[in-house]
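Engineer: The structure's right below; bear with me while I get my questions together.
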Amino acid sequence: MAQIHNLEIECKARSCEEKLYVVLIRDVHMLPKYVPQLIHSIQVLPGDREVHVGTVLVSEYVQEKITAVDHKNMSVTSSILEGDLKNDYTSIGYTLTITPLQRDGNYNFLVRWSVYYEKANEDVPDPTYFMKLLEDLTKELDTNLLKEE
């Protein structure tokens with residue numbers, strides 16, 4: 001029987017949590033502007049640009065489908081449909097959750113990425129490189145959003 005695994009990463013951020021969430025939900029097509037080191041192009045299908053349940057995001061690395069959106073709790077869940085990740089994992093996806101912090105020094109909110117996955121076989125390593133990509137994306141996006149404030 002296949003086993004579902006879970007990894008989490010949390011990043012504290014300094015920019016405005018609403019602005020970061022808006023970039024990831026309404027302005028996702030702008031990610032190449034904010035994280036050019038990581039994302040060179042992204043397509044939002046259908047072409048209305050806003051992410052909602054059923055939206056498919058296509059980048060140079062993956063094709064993913066949004067399976068849940070909770071604007072009140074600033075949360076998005078996605079399943080990876082195609083891409084290199086699918087070579088090692090029969091299923092893989094993530095949930096992004098943004099949570100405001102109560103005065104934690106210079107940090108305003110917490111970004112949590114929960115990645116769930118099923119390995120294609122026992123020899124497949126955990127997707128730590130994917131976790132690192134999500135961490136780097138969060139940090140670069142936060143830094144570039146701060147420059148606009």
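Chain labels follow the order of the structure tokens: the first chain is A, the next B, and so on; residue numbering restarts at 1 in every chain, and ligands are counted from 1 in their shown order.
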Residues within 12 Å of segment 49-51 of chain A, please, as a CSV table (one decimal) with N, CA, C and O atoms, in the first residue's frame. Count only C-alpha atoms; anything in the same chain fewer than 3 positions from it doesn't count.
Structural biologist:
chain,number,residue,atom,x,y,z
A,21,TYR,N,0.0,37.5,-0.7
A,21,TYR,CA,-1.1,36.6,-1.1
A,21,TYR,C,-1.8,37.0,-2.5
A,21,TYR,O,-2.0,36.2,-3.3
A,22,VAL,N,-1.9,38.3,-2.7
A,22,VAL,CA,-2.5,38.8,-3.9
A,22,VAL,C,-1.6,38.4,-5.1
A,22,VAL,O,-2.1,38.0,-6.2
A,23,VAL,N,-0.3,38.5,-4.9
A,23,VAL,CA,0.6,38.2,-6.0
A,23,VAL,C,0.4,36.7,-6.3
A,23,VAL,O,0.4,36.3,-7.5
A,24,LEU,N,0.3,35.9,-5.3
A,24,LEU,CA,0.1,34.4,-5.5
A,24,LEU,C,-1.3,34.0,-6.0
A,24,LEU,O,-1.4,32.9,-6.5
A,25,ILE,N,-2.3,34.9,-5.8
A,25,ILE,CA,-3.6,34.5,-6.2
A,25,ILE,C,-4.1,35.3,-7.4
A,25,ILE,O,-4.6,34.7,-8.4
A,26,ARG,N,-4.1,36.6,-7.4
A,26,ARG,CA,-4.6,37.4,-8.5
A,26,ARG,C,-3.6,37.8,-9.5
A,26,ARG,O,-3.9,37.9,-10.7
A,27,ASP,N,-2.4,38.0,-9.1
A,27,ASP,CA,-1.3,38.5,-10.0
A,27,ASP,C,-0.2,37.4,-10.2
A,27,ASP,O,1.0,37.8,-10.3
A,28,VAL,N,-0.6,36.1,-10.2
A,28,VAL,CA,0.4,35.1,-10.3
A,28,VAL,C,1.2,35.2,-11.6
A,28,VAL,O,2.4,34.8,-11.7
A,29,HIS,N,0.6,35.8,-12.6
A,29,HIS,CA,1.3,36.0,-13.9
A,29,HIS,C,2.5,37.0,-13.7
A,29,HIS,O,3.4,37.0,-14.6
A,30,MET,N,2.5,37.7,-12.6
A,30,MET,CA,3.6,38.6,-12.3
A,30,MET,C,4.8,38.0,-11.6
A,30,MET,O,5.8,38.6,-11.3
A,31,LEU,N,4.7,36.7,-11.3
A,31,LEU,CA,5.8,36.0,-10.5
A,31,LEU,C,7.2,36.2,-11.2
A,31,LEU,O,8.2,36.4,-10.6
A,42,ILE,N,5.1,32.0,-16.6
A,42,ILE,CA,4.0,31.2,-16.0
A,42,ILE,C,2.8,31.6,-16.8
A,42,ILE,O,2.5,32.7,-17.1
A,43,GLN,N,2.0,30.6,-17.0
A,43,GLN,CA,0.7,30.7,-17.7
A,43,GLN,C,-0.4,30.4,-16.8
A,43,GLN,O,-0.3,29.4,-16.0
A,44,VAL,N,-1.5,31.1,-16.8
A,44,VAL,CA,-2.6,30.9,-15.9
A,44,VAL,C,-3.8,30.5,-16.9
A,44,VAL,O,-4.2,31.3,-17.8
A,45,LEU,N,-4.3,29.3,-16.7
A,45,LEU,CA,-5.4,28.8,-17.5
A,45,LEU,C,-6.6,28.5,-16.7
A,45,LEU,O,-6.5,27.8,-15.7
A,46,PRO,N,-7.8,29.0,-17.0
A,46,PRO,CA,-8.1,29.8,-18.2
A,46,PRO,C,-7.4,31.2,-18.0
A,46,PRO,O,-7.0,31.5,-16.9
A,54,GLY,N,-9.7,24.8,-9.8
A,54,GLY,CA,-9.7,24.4,-11.2
A,54,GLY,C,-8.7,25.1,-12.1
A,54,GLY,O,-8.4,24.7,-13.2
A,55,THR,N,-8.1,26.2,-11.7
A,55,THR,CA,-7.1,26.9,-12.4
A,55,THR,C,-5.9,26.0,-12.6
A,55,THR,O,-5.5,25.3,-11.7
A,56,VAL,N,-5.3,26.1,-13.8
A,56,VAL,CA,-4.1,25.3,-14.1
A,56,VAL,C,-3.0,26.3,-14.3
A,56,VAL,O,-3.1,27.3,-15.0
A,57,LEU,N,-1.9,26.1,-13.6
A,57,LEU,CA,-0.7,27.0,-13.7
A,57,LEU,C,0.4,26.2,-14.5
A,57,LEU,O,0.7,25.0,-14.1
A,64,GLU,N,0.4,22.5,-12.7
A,64,GLU,CA,-0.3,22.2,-11.5
A,64,GLU,C,-1.7,22.7,-11.6
A,64,GLU,O,-2.0,23.6,-12.3
A,65,LYS,N,-2.6,22.1,-10.8
A,65,LYS,CA,-4.0,22.4,-10.8
A,65,LYS,C,-4.4,22.8,-9.3
A,65,LYS,O,-4.1,22.1,-8.4
A,66,ILE,N,-5.0,24.0,-9.2
A,66,ILE,CA,-5.5,24.5,-7.9
A,66,ILE,C,-6.7,23.6,-7.5
A,66,ILE,O,-7.7,23.5,-8.2
A,67,THR,N,-6.6,23.0,-6.3
A,67,THR,CA,-7.7,22.2,-5.8
A,67,THR,C,-8.5,22.8,-4.7
A,67,THR,O,-9.6,22.3,-4.4
A,68,ALA,N,-8.0,23.8,-4.0
A,68,ALA,CA,-8.7,24.5,-3.0
A,68,ALA,C,-8.1,25.9,-2.8
A,68,ALA,O,-6.9,26.1,-2.9
A,69,VAL,N,-9.0,26.9,-2.5
A,69,VAL,CA,-8.6,28.2,-2.2
A,69,VAL,C,-9.5,28.7,-1.0
A,69,VAL,O,-10.7,28.5,-1.0
A,70,ASP,N,-8.8,29.3,0.0
A,70,ASP,CA,-9.6,29.8,1.1
A,70,ASP,C,-9.0,31.2,1.4
A,70,ASP,O,-8.0,31.4,2.0
A,71,HIS,N,-9.7,32.2,0.8
A,71,HIS,CA,-9.3,33.6,0.9
A,71,HIS,C,-9.3,34.1,2.3
A,71,HIS,O,-8.4,34.9,2.7
A,75,SER,N,-5.1,30.7,2.1
A,75,SER,CA,-4.6,29.4,1.9
A,75,SER,C,-5.0,28.9,0.5
A,75,SER,O,-6.0,29.2,0.0
A,76,VAL,N,-4.0,28.2,-0.1
A,76,VAL,CA,-4.2,27.6,-1.5
A,76,VAL,C,-3.6,26.2,-1.5
A,76,VAL,O,-2.5,26.0,-1.0
A,77,THR,N,-4.3,25.3,-2.1
A,77,THR,CA,-3.8,23.9,-2.3
A,77,THR,C,-3.8,23.6,-3.7
A,77,THR,O,-4.7,24.0,-4.5
A,78,SER,N,-2.7,22.9,-4.1
A,78,SER,CA,-2.5,22.6,-5.5
A,78,SER,C,-1.9,21.2,-5.7
A,78,SER,O,-1.2,20.7,-4.8
Engineer: Find the residues around Ile80 of chain A up to 9 Å (only C-alpha atoms counted), leave out those fewer than 3 positions away in its own chain, and share them as a ChimeraX atom specification.
Structural biologist: /A:62-66,83,85-86,91-94
Engineer: Just the residues within 12 Å of Thr138 of chain A, please, counting only C-alpha atoms, with nothing from its chain fewer than 3 positions along; format it as a PyMOL selection string.
Structural biologist: chain A and resi 9-15+17+20-21+23-24+31+34-35+38+96-98+109-113+131-135+141-145
Engineer: What residues in chain A get the DSSP label helix (DSSP H, G or I)? Please answer as JSON, numbers by chain.
Structural biologist: {"A": [17, 18, 19, 20, 21, 22, 23, 24, 25, 28, 29, 30, 31, 32, 33, 34, 85, 86, 87, 88, 128, 129, 130, 131, 132, 133, 134, 135, 136, 137, 138, 139, 140, 141, 142, 143, 144, 145, 146, 147, 148]}
Engineer: Quick one: everything within 8 Å of segment 4-6 of chain A, counting only C-alpha atoms, minus sequence neighbours fewer than 2 positions away in the same chain. Send it as a VMD selection string.
Structural biologist: chain A and resid 2 8 114 to 119
Engineer: Kindly export the residues of the current selection with N, CA, C and O atoms, as a PDB file, in the first residue's frame.
Structural biologist:
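Result file is out_2.pdb:
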ATOM      1  N   ALA A   2       0.575   2.201  -0.836  1.00  0.00           N
ATOM      2  CA  ALA A   2       1.357   3.434  -0.962  1.00  0.00           C
ATOM      3  C   ALA A   2       1.182   4.295   0.288  1.00  0.00           C
ATOM      4  O   ALA A   2       0.123   4.328   0.891  1.00  0.00           O
ATOM      5  N   GLU A   8       7.080  20.008   5.717  1.00  0.00           N
ATOM      6  CA  GLU A   8       6.662  21.404   5.880  1.00  0.00           C
ATOM      7  C   GLU A   8       7.871  22.297   6.001  1.00  0.00           C
ATOM      8  O   GLU A   8       8.909  21.898   6.520  1.00  0.00           O
ATOM      9  N   SER A 114       3.193  23.224   2.995  1.00  0.00           N
ATOM     10  CA  SER A 114       3.053  21.815   3.373  1.00  0.00           C
ATOM     11  C   SER A 114       2.992  21.012   2.075  1.00  0.00           C
ATOM     12  O   SER A 114       2.049  21.161   1.298  1.00  0.00           O
ATOM     13  N   VAL A 115       4.007  20.187   1.860  1.00  0.00           N
ATOM     14  CA  VAL A 115       4.080  19.381   0.642  1.00  0.00           C
ATOM     15  C   VAL A 115       3.713  17.941   0.988  1.00  0.00           C
ATOM     16  O   VAL A 115       4.267  17.365   1.924  1.00  0.00           O
ATOM     17  N   TYR A 116       2.760  17.402   0.265  1.00  0.00           N
ATOM     18  CA  TYR A 116       2.363  16.003   0.445  1.00  0.00           C
ATOM     19  C   TYR A 116       2.727  15.253  -0.837  1.00  0.00           C
ATOM     20  O   TYR A 116       2.629  15.786  -1.942  1.00  0.00           O
ATOM     21  N   TYR A 117       3.191  14.018  -0.664  1.00  0.00           N
ATOM     22  CA  TYR A 117       3.679  13.283  -1.820  1.00  0.00           C
ATOM     23  C   TYR A 117       3.652  11.779  -1.569  1.00  0.00           C
ATOM     24  O   TYR A 117       3.678  11.321  -0.433  1.00  0.00           O
ATOM     25  N   GLU A 118       3.597  11.051  -2.656  1.00  0.00           N
ATOM     26  CA  GLU A 118       3.677   9.598  -2.652  1.00  0.00           C
ATOM     27  C   GLU A 118       4.824   9.223  -3.571  1.00  0.00           C
ATOM     28  O   GLU A 118       4.829   9.581  -4.757  1.00  0.00           O
ATOM     29  N   LYS A 119       5.809   8.524  -3.042  1.00  0.00           N
ATOM     30  CA  LYS A 119       6.989   8.150  -3.816  1.00  0.00           C
ATOM     31  C   LYS A 119       6.648   7.063  -4.831  1.00  0.00           C
ATOM     32  O   LYS A 119       5.840   6.177  -4.563  1.00  0.00           O
TER      33      LYS A 119
END
Engineer: With distances taken over only C-alpha atoms, which of A:Pro32, A:Gly105, A:Pro100, A:Pro127 is nearest to Ser59 of chain A?
Structural biologist: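 Among the listed residues, the smallest separation from Ser59 of chain A belongs to A:Pro32.
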Engineer: Would you please work out which residue, of A:Glu82, A:Leu137, A:Tyr89, A:Lys147, is nearest to Pro36 of chain A when using only C-alpha atoms?
Structural biologist: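 With only C-alpha atoms as the atom set, the closest residue is A:Leu137.
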Engineer: Please, what distance in Å, to one decimal, runs between atom CA of Lys139 of chain A and atom CA of Gln37 of chain A?
Structural biologist: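 Interatomic distance, atom CA of Lys139 of chain A to atom CA of Gln37 of chain A: 11.7 Å.
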Engineer: Could you jot down the atom CA of Lys19 of chain A to atom CA of Asn106 of chain A separation for me, Å, one decimal place?
Structural biologist: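 That distance, rounded to one decimal, is 16.7 Å.
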Engineer: Between A:Val53, A:Asp88, A:Tyr61, A:Ser79, which is the closest to Asp123 of chain A once you count only C-alpha atoms?
Structural biologist: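 Nearest candidate to Asp123 of chain A out of A:Val53, A:Asp88, A:Tyr61, A:Ser79: A:Asp88.
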Engineer: From the DSSP assignment of the backbone, select every residue of segment 103-132 of chain A that is strand (DSSP E or B), and format the answer as a list in words.
Structural biologist: Arg103, Asp104, Tyr107, Asn108, Phe109, Leu110, Val111, Arg112, Trp113, Ser114, Val115, Tyr116, Tyr117, Glu118 and Lys119 of chain A
Engineer: Can you tell me how far atom CA of Lys72 of chain A sits from atom CA of Ile39 of chain A, in Å to one decimal?
Structural biologist: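 It comes out at 26.9 Å.
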